[in-house]
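Listing of start-v1.csv; format and content: CSV, C-alpha atoms.
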chain,number,residue,atom,x,y,z
W,1,MET,CA,162.5,188.2,-63.1
W,2,GLU,CA,161.2,187.2,-59.6
W,3,LYS,CA,163.3,189.9,-57.9
W,4,GLU,CA,162.2,192.4,-60.6
W,5,LEU,CA,158.5,191.8,-59.9
W,6,SER,CA,158.8,191.4,-56.1
W,7,ARG,CA,160.6,194.7,-55.9
W,8,THR,CA,158.3,196.6,-58.2
W,9,PRO,CA,156.2,199.0,-56.1
W,10,ALA,CA,152.5,198.5,-56.2
W,11,ARG,CA,152.0,201.7,-58.3
W,12,GLY,CA,154.5,200.3,-60.9
W,13,LEU,CA,152.7,197.1,-61.7
W,14,ASP,CA,150.9,198.4,-64.8
W,15,LYS,CA,154.3,199.6,-66.2
W,16,PHE,CA,155.8,196.2,-65.3
W,17,ILE,CA,153.1,194.4,-67.3
W,18,GLU,CA,153.5,196.8,-70.2
W,19,ASP,CA,157.3,196.4,-70.3
W,20,HIS,CA,157.7,192.7,-69.5
W,21,LEU,CA,154.5,190.8,-70.2
W,22,LEU,CA,152.6,192.3,-73.1
W,23,PRO,CA,153.7,190.8,-76.5
W,24,ASN,CA,155.0,193.3,-79.0
W,25,THR,CA,153.3,193.8,-82.3
W,26,ARG,CA,155.9,191.9,-84.3
W,27,PHE,CA,155.7,188.9,-82.0
W,28,ARG,CA,151.8,188.9,-82.2
W,29,ASP,CA,152.0,189.1,-86.0
W,30,GLU,CA,154.4,186.2,-86.1
W,31,VAL,CA,152.3,184.0,-83.9
W,32,ARG,CA,149.2,184.9,-86.0
W,33,GLU,CA,151.0,184.1,-89.2
W,34,ALA,CA,152.2,180.7,-87.8
W,35,ILE,CA,148.6,179.9,-86.7
W,36,ASN,CA,147.2,180.8,-90.1
W,37,ILE,CA,149.8,178.5,-91.8
W,38,ILE,CA,148.8,175.5,-89.6
W,39,CYS,CA,145.0,176.3,-89.8
W,40,ASP,CA,145.2,176.3,-93.6
W,41,PHE,CA,147.2,173.1,-93.6
W,42,LEU,CA,144.6,171.4,-91.3
W,43,LYS,CA,141.6,172.6,-93.3
W,44,LYS,CA,142.7,172.3,-96.9
W,45,ARG,CA,145.5,169.8,-97.2
W,46,CYS,CA,146.0,167.5,-94.2
W,47,PHE,CA,143.4,164.8,-94.8
W,48,GLN,CA,143.1,165.0,-98.6
W,49,GLY,CA,145.1,161.9,-99.4
W,50,THR,CA,143.6,159.6,-96.8
W,51,ASP,CA,141.8,156.4,-97.8
W,52,HIS,CA,138.5,157.4,-96.1
W,53,ARG,CA,137.2,160.9,-96.5
W,54,VAL,CA,137.9,163.0,-93.4
W,55,ARG,CA,136.1,166.3,-93.1
W,56,VAL,CA,137.2,169.1,-90.9
W,57,SER,CA,134.2,171.1,-89.7
W,58,LYS,CA,136.3,173.9,-88.1
W,59,VAL,CA,139.6,174.7,-86.5
W,60,VAL,CA,139.4,176.7,-83.2
W,61,LYS,CA,142.2,178.6,-81.7
W,62,GLY,CA,142.3,178.0,-77.9
W,63,GLY,CA,144.8,178.5,-75.2
W,64,SER,CA,146.4,181.9,-74.4
W,65,SER,CA,146.5,182.8,-78.1
W,66,GLY,CA,142.7,182.3,-78.5
W,67,LYS,CA,141.9,184.1,-75.2
W,68,GLY,CA,144.1,187.1,-75.8
W,69,THR,CA,146.3,186.5,-72.7
W,70,THR,CA,149.6,185.5,-74.4
W,71,LEU,CA,152.7,186.4,-72.4
W,72,LYS,CA,155.7,188.1,-74.1
W,73,GLY,CA,158.1,185.4,-75.2
W,74,ARG,CA,155.8,182.5,-74.6
W,75,SER,CA,154.5,181.5,-78.0
W,76,ASP,CA,152.2,178.6,-77.4
W,77,ALA,CA,149.0,177.9,-79.3
W,78,ASP,CA,146.3,175.3,-79.0
W,79,LEU,CA,144.5,174.4,-82.2
W,80,VAL,CA,141.4,172.1,-81.8
W,81,VAL,CA,140.5,170.5,-85.1
W,82,PHE,CA,136.9,169.4,-85.1
W,83,LEU,CA,136.3,166.4,-87.4
W,84,ASN,CA,132.9,165.3,-88.7
W,85,ASN,CA,134.3,161.7,-88.6
W,86,LEU,CA,134.1,161.8,-84.8
W,87,THR,CA,130.5,161.3,-84.0
W,88,SER,CA,130.5,160.8,-80.2
W,89,PHE,CA,132.7,161.4,-77.1
W,90,GLU,CA,133.5,157.7,-77.2
W,91,ASP,CA,134.6,158.0,-80.8
W,92,GLN,CA,137.0,160.9,-79.9
W,93,LEU,CA,138.5,158.8,-77.1
W,94,LYS,CA,139.0,155.7,-79.4
W,95,ARG,CA,140.1,157.4,-82.6
W,96,ARG,CA,142.0,160.6,-81.7
W,97,GLY,CA,145.4,158.7,-81.9
W,98,GLU,CA,144.6,157.6,-85.4
W,99,PHE,CA,144.0,161.2,-86.5
W,100,ILE,CA,147.1,162.5,-84.6
W,101,GLU,CA,149.2,160.0,-86.5
W,102,GLU,CA,147.8,161.2,-89.8
W,103,ILE,CA,148.5,164.9,-89.0
W,104,LYS,CA,152.0,164.0,-88.0
W,105,LYS,CA,152.6,162.0,-91.3
W,106,GLN,CA,151.2,164.9,-93.4
W,107,LEU,CA,153.5,167.5,-91.6
W,108,TYR,CA,156.5,165.4,-92.4
W,109,GLN,CA,155.4,165.0,-96.0
W,110,LEU,CA,154.9,168.8,-96.2
W,111,GLN,CA,158.4,169.4,-94.9
W,112,ARG,CA,160.0,166.9,-97.3
W,113,GLU,CA,158.4,168.6,-100.3
W,114,GLY,CA,160.1,171.9,-99.4
W,115,GLY,CA,159.1,175.3,-100.6
W,116,PHE,CA,156.9,175.8,-97.6
W,117,GLY,CA,159.3,178.2,-95.7
W,118,VAL,CA,158.7,176.7,-92.3
W,119,LYS,CA,160.2,173.8,-90.4
W,120,PHE,CA,158.4,171.5,-88.0
W,121,GLU,CA,159.9,169.7,-85.0
W,122,VAL,CA,157.4,167.1,-83.7
W,123,GLN,CA,157.6,166.3,-80.0
W,124,SER,CA,157.3,162.6,-79.2
W,125,SER,CA,154.4,161.6,-76.9
W,126,ARG,CA,154.8,159.4,-73.9
W,127,TRP,CA,151.3,158.0,-74.4
W,128,PRO,CA,150.1,155.7,-77.2
W,129,ASN,CA,146.6,157.4,-77.5
W,130,SER,CA,147.7,161.0,-76.7
W,131,ARG,CA,145.1,163.8,-76.7
W,132,ALA,CA,147.4,166.1,-78.7
W,133,LEU,CA,150.2,166.4,-81.2
W,134,SER,CA,152.8,168.8,-79.9
W,135,PHE,CA,155.3,170.4,-82.3
W,136,LYS,CA,157.4,173.5,-82.8
W,137,LEU,CA,157.2,175.6,-85.9
W,138,SER,CA,160.2,177.8,-86.9
W,139,SER,CA,160.9,180.0,-89.9
W,140,PRO,CA,163.8,182.2,-91.0
W,141,GLN,CA,161.6,185.3,-90.7
W,142,PHE,CA,160.3,184.5,-87.2
W,143,GLN,CA,162.2,185.8,-84.1
W,144,GLN,CA,161.6,182.5,-82.3
W,145,GLU,CA,159.8,179.1,-82.5
W,146,VAL,CA,156.1,178.9,-82.0
W,147,GLU,CA,154.9,175.9,-80.0
W,148,PHE,CA,151.6,174.1,-81.0
W,149,ASP,CA,149.3,171.6,-79.6
W,150,VAL,CA,146.9,170.2,-82.2
W,151,LEU,CA,143.9,168.3,-80.6
W,152,PRO,CA,141.3,166.3,-82.6
W,153,ALA,CA,137.8,166.7,-81.2
W,154,TYR,CA,134.2,165.7,-81.6
W,155,ASP,CA,132.1,168.7,-82.8
W,156,VAL,CA,129.3,168.3,-80.2
W,157,LEU,CA,128.5,172.0,-80.1
W,158,GLY,CA,128.2,172.7,-83.8
W,159,HIS,CA,127.7,176.4,-84.5
W,160,VAL,CA,128.3,178.4,-81.3
W,161,ASN,CA,125.9,181.3,-80.6
W,162,ILE,CA,127.5,183.6,-78.1
W,163,SER,CA,124.2,185.0,-77.0
W,164,ARG,CA,122.6,181.6,-76.2
W,165,LYS,CA,123.6,178.8,-73.9
W,166,PRO,CA,124.3,175.4,-75.5
W,167,ASP,CA,121.4,172.9,-75.5
W,168,PRO,CA,121.3,171.2,-72.1
W,169,GLU,CA,121.0,167.8,-73.9
W,170,ILE,CA,124.7,168.3,-74.8
W,171,TYR,CA,125.7,168.5,-71.1
W,172,LYS,CA,123.4,165.5,-70.2
W,173,LYS,CA,125.2,163.5,-72.8
W,174,LEU,CA,128.6,164.6,-71.5
W,175,ILE,CA,127.7,163.9,-67.9
W,176,ARG,CA,126.4,160.4,-68.7
W,177,GLU,CA,129.6,159.6,-70.7
W,178,CYS,CA,132.0,160.9,-68.1
W,179,THR,CA,130.3,159.5,-65.0
W,180,SER,CA,129.8,156.0,-66.4
W,181,LYS,CA,133.4,155.7,-67.3
W,182,GLY,CA,135.2,157.9,-64.8
W,183,LEU,CA,136.3,160.4,-67.5
W,184,GLU,CA,135.4,163.7,-65.9
W,185,GLY,CA,137.2,166.6,-67.7
W,186,GLU,CA,138.4,164.3,-70.5
W,187,PHE,CA,136.4,166.0,-73.2
W,188,SER,CA,137.1,169.7,-72.3
W,189,THR,CA,138.6,170.2,-75.8
W,190,CYS,CA,135.1,169.8,-77.3
W,191,PHE,CA,134.1,173.0,-75.4
W,192,THR,CA,137.2,175.1,-76.4
W,193,GLU,CA,135.1,177.8,-78.0
W,194,LEU,CA,133.2,178.4,-74.8
W,195,GLN,CA,136.4,178.5,-72.8
W,196,ARG,CA,137.9,181.0,-75.2
W,197,ASN,CA,134.7,183.2,-75.3
W,198,PHE,CA,134.6,183.2,-71.5
W,199,LEU,CA,137.8,185.3,-71.4
W,200,LYS,CA,138.2,186.8,-74.9
W,201,GLN,CA,135.5,189.5,-74.5
W,202,ARG,CA,136.7,190.7,-71.1
W,203,PRO,CA,138.3,194.2,-70.5
W,204,ALA,CA,141.9,194.6,-71.6
W,205,LYS,CA,143.0,195.4,-68.0
W,206,LEU,CA,141.5,192.2,-66.7
W,207,LYS,CA,143.5,190.3,-69.3
W,208,SER,CA,146.6,192.1,-68.2
W,209,LEU,CA,145.9,191.0,-64.6
W,210,VAL,CA,145.5,187.5,-65.9
W,211,ARG,CA,149.0,187.8,-67.5
W,212,LEU,CA,150.5,189.0,-64.3
W,213,VAL,CA,149.0,186.1,-62.3
W,214,LYS,CA,150.2,183.7,-65.0
W,215,HIS,CA,153.7,185.2,-64.8
W,216,TRP,CA,153.7,184.8,-61.0
W,217,TYR,CA,152.5,181.2,-61.4
W,218,GLN,CA,155.4,180.5,-63.9
W,219,LEU,CA,157.9,182.0,-61.4
W,220,CYS,CA,156.5,179.7,-58.7
W,221,LYS,CA,156.7,176.7,-61.1
W,222,GLU,CA,160.4,177.4,-61.8
W,223,LYS,CA,161.2,177.8,-58.2
W,224,LEU,CA,159.2,175.0,-56.6
W,225,GLY,CA,159.6,172.5,-59.5
W,226,LYS,CA,157.0,170.1,-58.2
W,227,PRO,CA,153.5,169.7,-59.7
W,228,LEU,CA,151.2,172.7,-58.9
W,229,PRO,CA,147.5,173.2,-59.6
W,230,PRO,CA,146.8,173.9,-63.3
W,231,GLN,CA,147.4,177.4,-64.6
W,232,TYR,CA,143.8,177.4,-65.9
W,233,ALA,CA,142.6,177.3,-62.3
W,234,LEU,CA,144.6,180.5,-61.5
W,235,GLU,CA,143.1,182.2,-64.7
W,236,LEU,CA,139.6,181.4,-63.5
W,237,LEU,CA,140.4,182.5,-60.0
W,238,THR,CA,141.5,185.8,-61.4
W,239,VAL,CA,138.3,186.3,-63.4
W,240,TYR,CA,136.2,185.4,-60.3
W,241,ALA,CA,138.2,187.8,-58.1
W,242,TRP,CA,137.6,190.6,-60.6
W,243,GLU,CA,133.9,189.8,-61.1
W,244,ARG,CA,133.2,189.7,-57.3
W,245,GLY,CA,135.6,192.4,-56.2
W,246,SER,CA,135.6,195.0,-59.0
W,247,GLY,CA,133.8,194.4,-62.2
W,248,SER,CA,135.2,197.7,-63.6
W,249,THR,CA,137.2,198.2,-66.8
W,250,GLU,CA,139.6,200.3,-64.7
W,251,PHE,CA,140.8,199.1,-61.3
W,252,ASN,CA,143.9,199.0,-59.1
W,253,THR,CA,146.2,196.2,-60.4
W,254,ALA,CA,148.0,195.7,-57.1
W,255,GLU,CA,144.6,195.3,-55.3
W,256,GLY,CA,143.5,192.7,-57.9
W,257,PHE,CA,146.8,190.8,-57.7
W,258,ARG,CA,146.7,190.8,-53.9
W,259,THR,CA,143.1,189.5,-54.0
W,260,VAL,CA,144.0,186.6,-56.2
W,261,LEU,CA,147.0,185.6,-54.0
W,262,LYS,CA,144.9,185.9,-50.9
W,263,LEU,CA,142.3,183.5,-52.5
W,264,VAL,CA,145.2,181.1,-53.2
W,265,THR,CA,146.0,181.1,-49.5
W,266,GLU,CA,142.4,180.3,-48.7
W,267,TYR,CA,142.3,177.4,-51.2
W,268,ARG,CA,140.6,175.0,-48.7
W,269,GLN,CA,137.5,177.2,-48.8
W,270,LEU,CA,137.2,177.7,-52.6
W,271,GLN,CA,134.0,176.7,-54.2
W,272,ILE,CA,133.6,178.5,-57.5
W,273,TYR,CA,131.3,178.0,-60.5
W,274,TRP,CA,129.5,179.9,-63.2
W,275,THR,CA,126.2,179.4,-64.9
W,276,VAL,CA,127.0,181.1,-68.2
W,277,ASN,CA,126.8,177.9,-70.3
W,278,TYR,CA,125.0,175.4,-68.0
W,279,ASP,CA,122.8,175.9,-64.9
W,280,PHE,CA,120.5,174.2,-62.4
W,281,GLU,CA,117.3,174.5,-64.5
W,282,HIS,CA,117.4,170.9,-66.0
W,283,GLU,CA,117.1,168.1,-63.5
W,284,GLU,CA,119.9,165.8,-64.6
W,285,VAL,CA,122.4,168.6,-65.0
W,286,SER,CA,121.3,170.2,-61.7
W,287,LYS,CA,121.7,166.9,-59.8
W,288,TYR,CA,125.2,166.5,-61.2
W,289,LEU,CA,126.2,170.1,-60.4
W,290,HIS,CA,125.0,169.8,-56.8
W,291,GLY,CA,127.1,166.6,-56.5
W,292,GLN,CA,130.1,168.5,-57.9
W,293,LEU,CA,129.6,171.3,-55.3
W,294,ARG,CA,129.5,168.8,-52.4
W,295,ARG,CA,133.0,167.6,-53.2
W,296,ALA,CA,136.0,168.4,-51.0
W,297,ARG,CA,137.2,171.8,-51.7
W,298,PRO,CA,138.9,173.5,-53.5
W,299,VAL,CA,136.3,173.3,-56.3
W,300,ILE,CA,136.6,175.5,-59.4
W,301,LEU,CA,134.4,174.2,-62.1
W,302,ASP,CA,135.3,174.9,-65.7
W,303,PRO,CA,132.6,177.4,-67.0
W,304,ALA,CA,132.5,175.5,-70.2
W,305,ASP,CA,132.5,171.9,-68.9
W,306,PRO,CA,130.8,171.0,-65.6
W,307,THR,CA,132.7,167.7,-65.4
W,308,GLY,CA,136.0,169.5,-65.1
W,309,ASN,CA,136.9,170.6,-61.5
W,310,VAL,CA,140.2,172.3,-62.5
W,311,ALA,CA,141.2,172.9,-58.9
W,312,GLY,CA,140.8,169.3,-57.7
W,313,GLY,CA,143.2,166.4,-57.3
W,314,ASN,CA,146.4,168.1,-56.0
W,315,LEU,CA,146.1,169.4,-52.5
W,316,GLU,CA,149.8,169.3,-52.0
W,317,GLY,CA,150.3,171.5,-55.0
W,318,TRP,CA,147.8,174.0,-53.6
W,319,CYS,CA,149.6,173.9,-50.2
W,320,ARG,CA,153.0,174.7,-51.9
W,321,LEU,CA,151.4,177.5,-53.9
W,322,ALA,CA,149.6,178.9,-50.9
W,323,ARG,CA,152.9,179.1,-48.9
W,324,GLU,CA,154.6,180.9,-51.8
W,325,ALA,CA,151.6,183.3,-52.0
W,326,GLU,CA,151.9,184.0,-48.2
W,327,THR,CA,155.6,185.0,-48.7
W,328,TRP,CA,154.8,187.2,-51.7
W,329,LEU,CA,152.1,189.1,-49.9
W,330,GLN,CA,154.9,190.7,-47.8
W,331,TYR,CA,156.8,191.9,-50.9
W,332,GLN,CA,157.2,195.5,-52.2
W,333,CYS,CA,154.7,194.9,-55.0
W,334,PHE,CA,151.9,194.9,-52.4
W,335,LYS,CA,152.9,198.0,-50.6
W,336,ASN,CA,151.7,201.6,-51.1
W,337,TRP,CA,154.2,204.5,-51.5
W,338,ASP,CA,154.1,205.1,-47.7
W,339,GLY,CA,154.8,201.4,-46.8
W,340,THR,CA,151.3,200.4,-45.8
W,341,PRO,CA,149.9,197.2,-47.4
W,342,VAL,CA,147.7,197.4,-50.4
W,343,CYS,CA,144.0,196.5,-49.7
W,344,SER,CA,142.5,193.5,-51.3
W,345,TRP,CA,139.0,193.4,-52.7
W,346,ASN,CA,136.2,191.9,-50.5
W,347,VAL,CA,135.6,188.6,-52.3
W,348,PRO,CA,133.8,185.5,-50.9
W,349,GLU,CA,135.5,182.1,-51.4
W,350,SER,CA,132.3,180.9,-53.0
W,351,PRO,CA,129.4,182.5,-55.0
Starting from the coordinates I provided, produce the structure as structure tokens.
Amino acid sequence: MEKELSRTPARGLDKFIEDHLLPNTRFRDEVREAINIICDFLKKRCFQGTDHRVRVSKVVKGGSSGKGTTLKGRSDADLVVFLNNLTSFEDQLKRRGEFIEEIKKQLYQLQREGGFGVKFEVQSSRWPNSRALSFKLSSPQFQQEVEFDVLPAYDVLGHVNISRKPDPEIYKKLIRECTSKGLEGEFSTCFTELQRNFLKQRPAKLKSLVRLVKHWYQLCKEKLGKPLPPQYALELLTVYAWERGSGSTEFNTAEGFRTVLKLVTEYRQLQIYWTVNYDFEHEEVSKYLHGQLRRARPVILDPADPTGNVAGGNLEGWCRLAREAETWLQYQCFKNWDGTPVCSWNVPESP
């Protein structure tokens, strides 16, 4: 697939996305059905037989399925199950393992009973207090398995209003918890709805560009093998490139793709953040944000969680990815019909 993309002329990238990266209707329906099965299980059945009453306040679909950026053939879904029994960030940290074990036990029980029509294959975790339960779900009527991560979380946000920022007190509480214990980014699952909403409402063509960048990232991962920066960092970089360079529902895909790869090569200058959910208006949050922005670059702050610098901690990975991006920028997919290079958008490395 690497040769197929690299040899696709710039004007053919939209067709490449349509043919190779967009999930077909049947695949989308199968993933949706599998997610509904697990959501129903988590909400209505999973904790019914437990000794202490466990209440599920909501189950939120995150990851690529929630954001609407699923790649063809890559059927992964994050389901964050918010439990009223978790009453603080510390509670989540201490007790998530207990709830993961209960979910695992109930899945096996469900399978033993039969008549459910689906089969679960639970992946063993390397960690005793893992953040997630990973399993695969298969069914005779599904074309392929659907991979799930189920993550128990503290419902700190409650009802999310998309037209209003969360209460700054929530972020003050998060910052205090994370800085006092060195747990920055640890509770990003609590803000899954905000992460999802950040991308879900974007134009379809931007989501297609995100898919293309994710596909390129997966090709790099297969080729380089070693740890790279998180894929989420590349997704956010793509949104930033579009916001600053285009902002239009219609744009030249090759120009957008080139801009993202160019930003990857300039990773040592990246300092990116958004103020859609938190900002500099409240003293404690503002002081923390200024501290985050003084850190060594690259800095890409999670728009939902200011404690999560999704670009940090792996300079070697960025260096490897940047070298690969430099190579790719010479390929056919960044050349016009007359052989001249495609232009990139004029995007600063920081807001």
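If all atoms listed in the file are the atoms counted, then among W:Val60, W:Ala322, W:Leu206, W:Cys190 the closest residue to Val239 (chain W) is W:Leu206.
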For Arg96 (chain W), the closest of W:Thr189, W:Gln201, W:Ser57, W:Ser163 counting only C-alpha atoms is W:Thr189
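Using all atoms listed in the file, the shortest contact distance between Glu235 (chain W) and any of W:Gln330, W:Gln195, W:Asn84, W:Thr249 is found at W:Gln195.
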Quick one: residues within 8 Å of Val56 (chain W), only C-alpha atoms counted, chain neighbours fewer than 6 positions away excluded, as a ChimeraX atom specification? /W:42-43,81-84
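Residue nearest Phe41 (chain W), chosen from W:Lys119, W:Arg28, W:Leu107, W:Thr87 and counting only C-alpha atoms: W:Leu107.
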